$ cat coords.pdb   # PDB, C-alpha atoms
ATOM      1  CA  MET A  20     156.599 -28.085 -27.774
ATOM      2  CA  ALA A  21     158.414 -30.907 -29.473
ATOM      3  CA  MET A  22     158.523 -34.665 -29.195
ATOM      4  CA  ASP A  23     161.607 -36.815 -29.426
ATOM      5  CA  PRO A  24     161.633 -39.451 -32.166
ATOM      6  CA  GLN A  25     162.085 -42.326 -29.716
ATOM      7  CA  THR A  26     158.780 -41.443 -28.027
ATOM      8  CA  ILE A  27     157.008 -41.364 -31.377
ATOM      9  CA  GLU A  28     158.415 -44.751 -32.328
ATOM     10  CA  THR A  29     157.568 -46.286 -28.942
ATOM     11  CA  MET A  30     153.961 -45.078 -29.082
ATOM     12  CA  ILE A  31     153.457 -46.420 -32.590
ATOM     13  CA  LYS A  32     154.940 -49.796 -31.632
ATOM     14  CA  GLU A  33     152.746 -50.032 -28.535
ATOM     15  CA  ALA A  34     149.672 -49.826 -30.751
ATOM     16  CA  LEU A  35     151.114 -51.793 -33.690
ATOM     17  CA  PRO A  36     153.534 -54.301 -32.144
ATOM     18  CA  ASP A  37     154.708 -55.836 -35.422
ATOM     19  CA  ALA A  38     155.401 -52.466 -37.002
ATOM     20  CA  THR A  39     158.661 -51.489 -38.606
ATOM     21  CA  VAL A  40     159.087 -47.787 -37.902
ATOM     22  CA  ARG A  41     161.579 -45.332 -39.303
ATOM     23  CA  ILE A  42     161.569 -41.729 -38.137
ATOM     24  CA  ASP A  43     163.486 -39.018 -39.941
ATOM     25  CA  ASP A  44     164.017 -35.631 -38.335
ATOM     26  CA  LEU A  45     163.503 -33.535 -41.457
ATOM     27  CA  ARG A  46     165.040 -30.296 -40.281
ATOM     28  CA  GLY A  47     167.009 -31.408 -37.264
ATOM     29  CA  ASP A  48     164.811 -29.206 -35.091
ATOM     30  CA  GLY A  49     162.952 -31.972 -33.229
ATOM     31  CA  ASP A  50     159.668 -30.653 -34.582
ATOM     32  CA  HIS A  51     159.341 -31.763 -38.195
ATOM     33  CA  TYR A  52     159.443 -35.495 -38.721
ATOM     34  CA  ALA A  53     158.714 -38.000 -41.413
ATOM     35  CA  ALA A  54     157.590 -41.457 -40.320
ATOM     36  CA  TYR A  55     157.534 -44.615 -42.392
ATOM     37  CA  VAL A  56     155.425 -47.311 -40.812
ATOM     38  CA  VAL A  57     155.052 -50.854 -42.124
ATOM     39  CA  SER A  58     152.649 -53.194 -40.353
ATOM     40  CA  SER A  59     150.563 -56.228 -41.275
ATOM     41  CA  ALA A  60     147.717 -54.541 -39.369
ATOM     42  CA  PHE A  61     147.354 -52.222 -42.371
ATOM     43  CA  LYS A  62     146.341 -55.055 -44.710
ATOM     44  CA  GLY A  63     143.005 -54.389 -46.349
ATOM     45  CA  LYS A  64     142.779 -50.860 -44.934
ATOM     46  CA  SER A  65     142.560 -47.680 -46.963
ATOM     47  CA  ARG A  66     145.312 -45.073 -46.639
ATOM     48  CA  VAL A  67     143.008 -42.889 -44.595
ATOM     49  CA  GLN A  68     142.331 -45.782 -42.204
ATOM     50  CA  GLN A  69     146.061 -46.611 -41.989
ATOM     51  CA  HIS A  70     146.948 -43.047 -41.097
ATOM     52  CA  GLN A  71     144.070 -42.884 -38.608
ATOM     53  CA  MET A  72     145.534 -45.967 -36.893
ATOM     54  CA  VAL A  73     148.898 -44.228 -36.511
ATOM     55  CA  TYR A  74     147.242 -41.023 -35.292
ATOM     56  CA  ALA A  75     145.264 -43.096 -32.767
ATOM     57  CA  ALA A  76     148.548 -44.619 -31.564
ATOM     58  CA  LEU A  77     149.860 -41.108 -30.933
ATOM     59  CA  LYS A  78     146.887 -40.432 -28.657
ATOM     60  CA  GLY A  79     146.018 -36.879 -29.572
ATOM     61  CA  ARG A  80     149.584 -35.608 -29.811
ATOM     62  CA  MET A  81     149.402 -35.297 -33.569
ATOM     63  CA  GLY A  82     148.251 -31.784 -34.372
ATOM     64  CA  ASN A  83     149.277 -30.584 -30.908
ATOM     65  CA  GLU A  84     152.795 -31.211 -29.532
ATOM     66  CA  LEU A  85     153.584 -32.916 -32.770
ATOM     67  CA  HIS A  86     153.183 -30.241 -35.397
ATOM     68  CA  ALA A  87     154.543 -31.934 -38.454
ATOM     69  CA  LEU A  88     154.731 -35.650 -39.056
ATOM     70  CA  ALA A  89     154.759 -36.569 -42.708
ATOM     71  CA  LEU A  90     153.343 -40.054 -42.746
ATOM     72  CA  GLN A  91     153.812 -42.928 -45.130
ATOM     73  CA  THR A  92     152.248 -46.281 -44.338
ATOM     74  CA  SER A  93     152.361 -49.679 -45.962
ATOM     75  CA  ALA A  94     151.147 -53.196 -45.207
ATOM     76  CA  GLU A  95     154.317 -54.841 -46.503
TER
ATOM     77  CA  MET B 675     127.684 -35.285 -31.383
ATOM     78  CA  SER B 676     125.570 -35.298 -34.525
ATOM     79  CA  ASP B 677     123.656 -32.228 -33.336
ATOM     80  CA  ASN B 678     126.901 -30.256 -33.246
ATOM     81  CA  PRO B 679     125.991 -27.219 -35.413
ATOM     82  CA  VAL B 680     129.497 -27.184 -36.896
ATOM     83  CA  PHE B 681     128.944 -30.719 -38.239
ATOM     84  CA  LYS B 682     125.806 -29.485 -40.023
ATOM     85  CA  GLN B 683     127.824 -26.652 -41.548
ATOM     86  CA  ILE B 684     130.524 -29.113 -42.700
ATOM     87  CA  GLU B 685     127.922 -31.514 -44.119
ATOM     88  CA  HIS B 686     126.358 -28.625 -45.990
ATOM     89  CA  GLU B 687     129.700 -27.530 -47.486
ATOM     90  CA  ILE B 688     130.800 -30.990 -48.600
ATOM     91  CA  GLY B 689     127.294 -31.729 -49.864
ATOM     92  CA  SER B 690     126.909 -28.611 -51.986
ATOM     93  CA  ASN B 691     130.439 -28.415 -53.437
ATOM     94  CA  GLN B 692     132.091 -31.143 -55.499
ATOM     95  CA  VAL B 693     135.560 -30.520 -54.124
ATOM     96  CA  VAL B 694     136.193 -28.860 -50.761
ATOM     97  CA  LEU B 695     139.547 -28.171 -49.141
ATOM     98  CA  PHE B 696     139.561 -27.270 -45.457
ATOM     99  CA  MET B 697     142.803 -25.353 -45.169
ATOM    100  CA  LYS B 698     144.832 -22.762 -43.305
ATOM    101  CA  GLY B 699     144.494 -19.509 -45.233
ATOM    102  CA  THR B 700     142.879 -19.113 -48.634
ATOM    103  CA  PRO B 701     143.736 -20.721 -51.989
ATOM    104  CA  ALA B 702     145.331 -17.410 -53.043
ATOM    105  CA  PHE B 703     147.175 -16.979 -49.731
ATOM    106  CA  PRO B 704     147.749 -20.280 -47.939
ATOM    107  CA  GLN B 705     149.054 -19.786 -44.400
ATOM    108  CA  CYS B 706     150.770 -23.159 -44.102
ATOM    109  CA  GLY B 707     153.081 -25.151 -46.319
ATOM    110  CA  PHE B 708     150.930 -28.285 -46.152
ATOM    111  CA  SER B 709     147.810 -26.410 -47.252
ATOM    112  CA  ALA B 710     149.816 -24.684 -49.977
ATOM    113  CA  ALA B 711     151.056 -28.047 -51.280
ATOM    114  CA  VAL B 712     147.527 -29.388 -51.741
ATOM    115  CA  VAL B 713     146.346 -26.142 -53.383
ATOM    116  CA  GLN B 714     149.275 -26.445 -55.778
ATOM    117  CA  VAL B 715     148.309 -30.004 -56.733
ATOM    118  CA  LEU B 716     144.652 -29.062 -57.294
ATOM    119  CA  ASN B 717     145.622 -26.026 -59.370
ATOM    120  CA  HIS B 718     148.063 -28.111 -61.367
ATOM    121  CA  LEU B 719     145.242 -30.521 -62.203
ATOM    122  CA  ASP B 720     142.846 -27.655 -63.016
ATOM    123  CA  VAL B 721     140.399 -28.922 -60.430
ATOM    124  CA  THR B 722     137.786 -26.387 -59.340
ATOM    125  CA  PHE B 723     137.484 -26.426 -55.572
ATOM    126  CA  LYS B 724     136.185 -24.420 -52.667
ATOM    127  CA  GLY B 725     138.840 -23.531 -50.109
ATOM    128  CA  ILE B 726     137.559 -22.966 -46.584
ATOM    129  CA  ASP B 727     139.855 -21.091 -44.220
ATOM    130  CA  ILE B 728     139.597 -22.796 -40.838
ATOM    131  CA  LEU B 729     141.821 -20.145 -39.235
ATOM    132  CA  ALA B 730     138.906 -17.717 -39.617
ATOM    133  CA  ASP B 731     136.654 -19.914 -37.452
ATOM    134  CA  PRO B 732     138.018 -21.674 -34.329
ATOM    135  CA  SER B 733     134.903 -23.826 -33.897
ATOM    136  CA  LEU B 734     135.218 -25.041 -37.480
ATOM    137  CA  ARG B 735     138.923 -25.674 -36.972
ATOM    138  CA  GLN B 736     138.182 -28.043 -34.081
ATOM    139  CA  GLY B 737     134.920 -29.332 -35.580
ATOM    140  CA  VAL B 738     136.375 -30.531 -38.855
ATOM    141  CA  LYS B 739     139.058 -32.524 -37.026
ATOM    142  CA  GLU B 740     136.360 -34.339 -35.051
ATOM    143  CA  PHE B 741     134.087 -34.699 -38.069
ATOM    144  CA  SER B 742     136.803 -36.393 -40.139
ATOM    145  CA  GLN B 743     138.507 -38.094 -37.188
ATOM    146  CA  TRP B 744     141.641 -36.565 -38.600
ATOM    147  CA  PRO B 745     143.950 -34.429 -36.441
ATOM    148  CA  THR B 746     145.517 -32.172 -39.025
ATOM    149  CA  ILE B 747     144.701 -29.578 -41.677
ATOM    150  CA  PRO B 748     144.448 -29.560 -44.715
ATOM    151  CA  GLN B 749     141.631 -32.015 -45.400
ATOM    152  CA  LEU B 750     140.298 -32.753 -48.858
ATOM    153  CA  TYR B 751     136.712 -33.808 -49.514
ATOM    154  CA  VAL B 752     135.471 -34.925 -52.921
ATOM    155  CA  LYS B 753     131.750 -35.509 -53.466
ATOM    156  CA  GLY B 754     131.248 -35.651 -49.722
ATOM    157  CA  GLU B 755     133.974 -38.246 -49.138
ATOM    158  CA  PHE B 756     137.098 -37.595 -47.073
ATOM    159  CA  ILE B 757     140.088 -38.322 -49.316
ATOM    160  CA  GLY B 758     142.945 -37.426 -46.995
ATOM    161  CA  GLY B 759     145.431 -34.855 -45.828
ATOM    162  CA  CYS B 760     148.567 -33.494 -47.412
ATOM    163  CA  ASP B 761     150.661 -36.704 -47.297
ATOM    164  CA  ILE B 762     147.929 -38.824 -48.884
ATOM    165  CA  ILE B 763     147.145 -36.264 -51.584
ATOM    166  CA  ARG B 764     150.827 -35.935 -52.498
ATOM    167  CA  GLU B 765     151.268 -39.708 -52.559
ATOM    168  CA  MET B 766     148.111 -40.221 -54.656
ATOM    169  CA  PHE B 767     149.218 -37.469 -57.023
ATOM    170  CA  SER B 768     152.632 -39.011 -57.585
ATOM    171  CA  THR B 769     151.174 -42.466 -58.297
ATOM    172  CA  GLY B 770     148.442 -41.117 -60.585
ATOM    173  CA  GLU B 771     145.689 -42.336 -58.257
ATOM    174  CA  LEU B 772     144.504 -38.793 -57.596
ATOM    175  CA  VAL B 773     143.630 -38.183 -61.246
ATOM    176  CA  GLU B 774     141.895 -41.578 -61.407
ATOM    177  CA  MET B 775     139.925 -40.761 -58.271
ATOM    178  CA  PHE B 776     138.713 -37.441 -59.697
ATOM    179  CA  GLN B 777     137.811 -39.089 -63.000
ATOM    180  CA  SER B 778     135.953 -41.947 -61.325
ATOM    181  CA  LYS B 779     133.930 -39.429 -59.345
ATOM    182  CA  GLY B 780     133.164 -37.386 -62.436
ATOM    183  CA  VAL B 781     135.148 -34.314 -61.404
ATOM    184  CA  PRO B 782     136.703 -32.444 -64.364
ATOM    185  CA  VAL B 783     140.488 -32.761 -64.208
ATOM    186  CA  ALA B 784     143.378 -31.923 -66.524
ATOM    187  CA  ALA B 785     144.072 -35.078 -68.520
ATOM    188  CA  THR B 786     147.838 -35.061 -68.162
ATOM    189  CA  ALA B 787     149.502 -34.531 -64.823
TER
END
$ encode --input "coords.pdb" --output "structure tokens"
Amino acid sequence: MAMDPQTIETMIKEALPDATVRIDDLRGDGDHYAAYVVSSAFKGKSRVQQHQMVYAALKGRMGNELHALALQTSAE
Amino acid sequence: MSDNPVFKQIEHEIGSNQVVLFMKGTPAFPQCGFSAAVVQVLNHLDVTFKGIDILADPSLRQGVKEFSQWPTIPQLYVKGEFIGGCDIIREMFSTGELVEMFQSKGVPVAATA
């Protein structure tokens, strides 16, 4: 099962409204994505915490429907 | 939750081994590109680690995700602390932070990356 990039972006922005999100479809197969997420909510958080915030935004889809999402996060 | 027997098993593993990688497959035969990438980084840095194949144990596979509050495999633990998954390890490796982290925790690591 795959997810379309618009859904991924929408879910991240619902949880992190100020986020700038870029999604790349790495293989053009709708199943392997890279996401770059910039949000002020990440300030003062460790990388692990930042990624956990994005995973939380995806509400359990990461690791299930969403097999591969290479994640890069930044506070600015 | 804390009386989940799998959590005890995980606590035991990360408590009795300096560096533990929960992965798909074994260090010699990784079954997933993300696990393979982390194994490659650790081997490159000459870091001794214990690889634990979560594919061999479905309860561990689910348990470690809950334990770490992290939805994906691989997961790297150093001295009992969750360091991250594949993306974080690769990013830390490329910035040099990974070597610094190992050194600060007293884990032997190849000096030059």
$ residues_around --input "coords.pdb" --residues "Leu85 (chain A)" --least-positions-apart "3" --cutoff "12 Å" --atoms "all atoms listed in the file" --output "list in words"
Met20, Ala21, Met22, Asp23, Pro24, Thr26, Ile27, Gly49, Asp50, His51, Tyr52, Ala53, Tyr74, Leu77, Lys78, Gly79, Arg80, Met81, Gly82, Leu88 and Ala89 of chain A; Pro745 and Thr746 of chain B
$ resolve_selection --input "coords.pdb" --expression "the PyMOL selection byres ((chain A and resi 29) around 12)" --output "mmCIF file with C-alpha atoms, in the frame of the given file"
data_model
loop_
_atom_site.group_PDB
_atom_site.id
_atom_site.type_symbol
_atom_site.label_atom_id
_atom_site.label_comp_id
_atom_site.auth_asym_id
_atom_site.auth_seq_id
_atom_site.Cartn_x
_atom_site.Cartn_y
_atom_site.Cartn_z
ATOM 1 C CA MET A 22 158.523 -34.665 -29.195
ATOM 2 C CA ASP A 23 161.607 -36.815 -29.426
ATOM 3 C CA PRO A 24 161.633 -39.451 -32.166
ATOM 4 C CA GLN A 25 162.085 -42.326 -29.716
ATOM 5 C CA THR A 26 158.780 -41.443 -28.027
ATOM 6 C CA ILE A 27 157.008 -41.364 -31.377
ATOM 7 C CA GLU A 28 158.415 -44.751 -32.328
ATOM 8 C CA MET A 30 153.961 -45.078 -29.082
ATOM 9 C CA ILE A 31 153.457 -46.420 -32.590
ATOM 10 C CA LYS A 32 154.940 -49.796 -31.632
ATOM 11 C CA GLU A 33 152.746 -50.032 -28.535
ATOM 12 C CA ALA A 34 149.672 -49.826 -30.751
ATOM 13 C CA LEU A 35 151.114 -51.793 -33.690
ATOM 14 C CA PRO A 36 153.534 -54.301 -32.144
ATOM 15 C CA ASP A 37 154.708 -55.836 -35.422
ATOM 16 C CA ALA A 38 155.401 -52.466 -37.002
ATOM 17 C CA THR A 39 158.661 -51.489 -38.606
ATOM 18 C CA VAL A 40 159.087 -47.787 -37.902
ATOM 19 C CA ARG A 41 161.579 -45.332 -39.303
ATOM 20 C CA ILE A 42 161.569 -41.729 -38.137
ATOM 21 C CA VAL A 73 148.898 -44.228 -36.511
ATOM 22 C CA ALA A 76 148.548 -44.619 -31.564
ATOM 23 C CA LEU A 77 149.860 -41.108 -30.933
#
$ atom_distance --input "coords.pdb" --atom1 "CA of Ser768 (chain B)" --atom2 "CA of Pro782 (chain B)"
18.5 Å
$ closest_atom_pairs --input "coords.pdb" --of "chain B" --to "chain A" --cutoff "10 Å" --atoms "all atoms listed in the file" --output "Markdown table"
| residue | atom | partner | partner_atom | distance |
| --- | --- | --- | --- | --- |
| B:Phe708 | CA | A:Ala87 | CA | 9.3 |
| B:Lys739 | CA | A:Gly82 | CA | 9.6 |
| B:Ser742 | CA | A:Gln71 | CA | 9.9 |
| B:Gln743 | CA | A:Gln71 | CA | 7.5 |
| B:Trp744 | CA | A:Gln71 | CA | 6.8 |
| B:Pro745 | CA | A:Gly82 | CA | 5.5 |
| B:Thr746 | CA | A:Gly82 | CA | 5.4 |
| B:Ile747 | CA | A:Gly82 | CA | 8.4 |
| B:Phe756 | CA | A:Val67 | CA | 8.3 |
| B:Ile757 | CA | A:Val67 | CA | 7.2 |
| B:Gly758 | CA | A:Val67 | CA | 6.0 |
| B:Gly759 | CA | A:Val67 | CA | 8.5 |
| B:Cys760 | CA | A:Ala89 | CA | 8.4 |
| B:Asp761 | CA | A:Ala89 | CA | 6.2 |
| B:Ile762 | CA | A:Arg66 | CA | 7.1 |
| B:Glu765 | CA | A:Gln91 | CA | 8.5 |
| B:Met766 | CA | A:Arg66 | CA | 9.8 |
$ resolve_selection --input "coords.pdb" --expression "the PyMOL selection byres ((chain B and resi 700) around 10)" --output "VMD selection string"
chain B and resid 695 to 699 701 to 706 709 to 710 713 724 to 730
$ build_atoms --input "coords.pdb" --residues "region 712-733 of chain B" --atoms "N, CA and C atoms" --output "compact mmCIF listing (two decimals), in the frame of the given file"
# COMPACT_ATOMS: atom_id res chain seq x y z
N VAL B 712 148.74 -28.79 -51.18
CA VAL B 712 147.53 -29.39 -51.74
C VAL B 712 146.88 -28.43 -52.75
N VAL B 713 146.87 -27.14 -52.44
CA VAL B 713 146.35 -26.14 -53.38
C VAL B 713 147.11 -26.23 -54.70
N GLN B 714 148.43 -26.38 -54.58
CA GLN B 714 149.28 -26.44 -55.78
C GLN B 714 148.91 -27.66 -56.65
N VAL B 715 148.68 -28.79 -56.00
CA VAL B 715 148.31 -30.00 -56.73
C VAL B 715 146.96 -29.80 -57.43
N LEU B 716 145.98 -29.26 -56.71
CA LEU B 716 144.65 -29.06 -57.29
C LEU B 716 144.71 -28.07 -58.45
N ASN B 717 145.48 -27.00 -58.29
CA ASN B 717 145.62 -26.03 -59.37
C ASN B 717 146.31 -26.65 -60.58
N HIS B 718 147.32 -27.44 -60.29
CA HIS B 718 148.06 -28.11 -61.37
C HIS B 718 147.13 -29.00 -62.19
N LEU B 719 146.17 -29.62 -61.52
CA LEU B 719 145.24 -30.52 -62.20
C LEU B 719 144.00 -29.79 -62.72
N ASP B 720 143.99 -28.45 -62.56
CA ASP B 720 142.85 -27.66 -63.02
C ASP B 720 141.53 -28.09 -62.37
N VAL B 721 141.61 -28.51 -61.14
CA VAL B 721 140.40 -28.92 -60.43
C VAL B 721 139.78 -27.69 -59.75
N THR B 722 138.50 -27.48 -60.01
CA THR B 722 137.79 -26.39 -59.34
C THR B 722 137.43 -26.84 -57.93
N PHE B 723 137.78 -26.03 -56.95
CA PHE B 723 137.48 -26.43 -55.57
C PHE B 723 137.14 -25.21 -54.74
N LYS B 724 136.47 -25.48 -53.62
CA LYS B 724 136.18 -24.42 -52.67
C LYS B 724 137.15 -24.56 -51.50
N GLY B 725 137.94 -23.54 -51.25
CA GLY B 725 138.84 -23.53 -50.11
C GLY B 725 138.14 -22.87 -48.92
N ILE B 726 138.18 -23.53 -47.78
CA ILE B 726 137.56 -22.97 -46.58
C ILE B 726 138.64 -22.74 -45.54
N ASP B 727 138.79 -21.47 -45.15
CA ASP B 727 139.85 -21.09 -44.22
C ASP B 727 139.42 -21.37 -42.78
N ILE B 728 140.01 -22.42 -42.19
CA ILE B 728 139.60 -22.80 -40.84
C ILE B 728 140.21 -21.87 -39.79
N LEU B 729 141.23 -21.09 -40.18
CA LEU B 729 141.82 -20.14 -39.24
C LEU B 729 140.84 -19.02 -38.90
N ALA B 730 139.88 -18.79 -39.82
CA ALA B 730 138.91 -17.72 -39.62
C ALA B 730 137.81 -18.13 -38.64
N ASP B 731 137.76 -19.42 -38.26
CA ASP B 731 136.65 -19.91 -37.45
C ASP B 731 137.14 -21.03 -36.51
N PRO B 732 137.46 -20.68 -35.26
CA PRO B 732 138.02 -21.67 -34.33
C PRO B 732 137.11 -22.88 -34.11
N SER B 733 135.79 -22.69 -34.13
CA SER B 733 134.90 -23.83 -33.90
C SER B 733 134.93 -24.77 -35.10
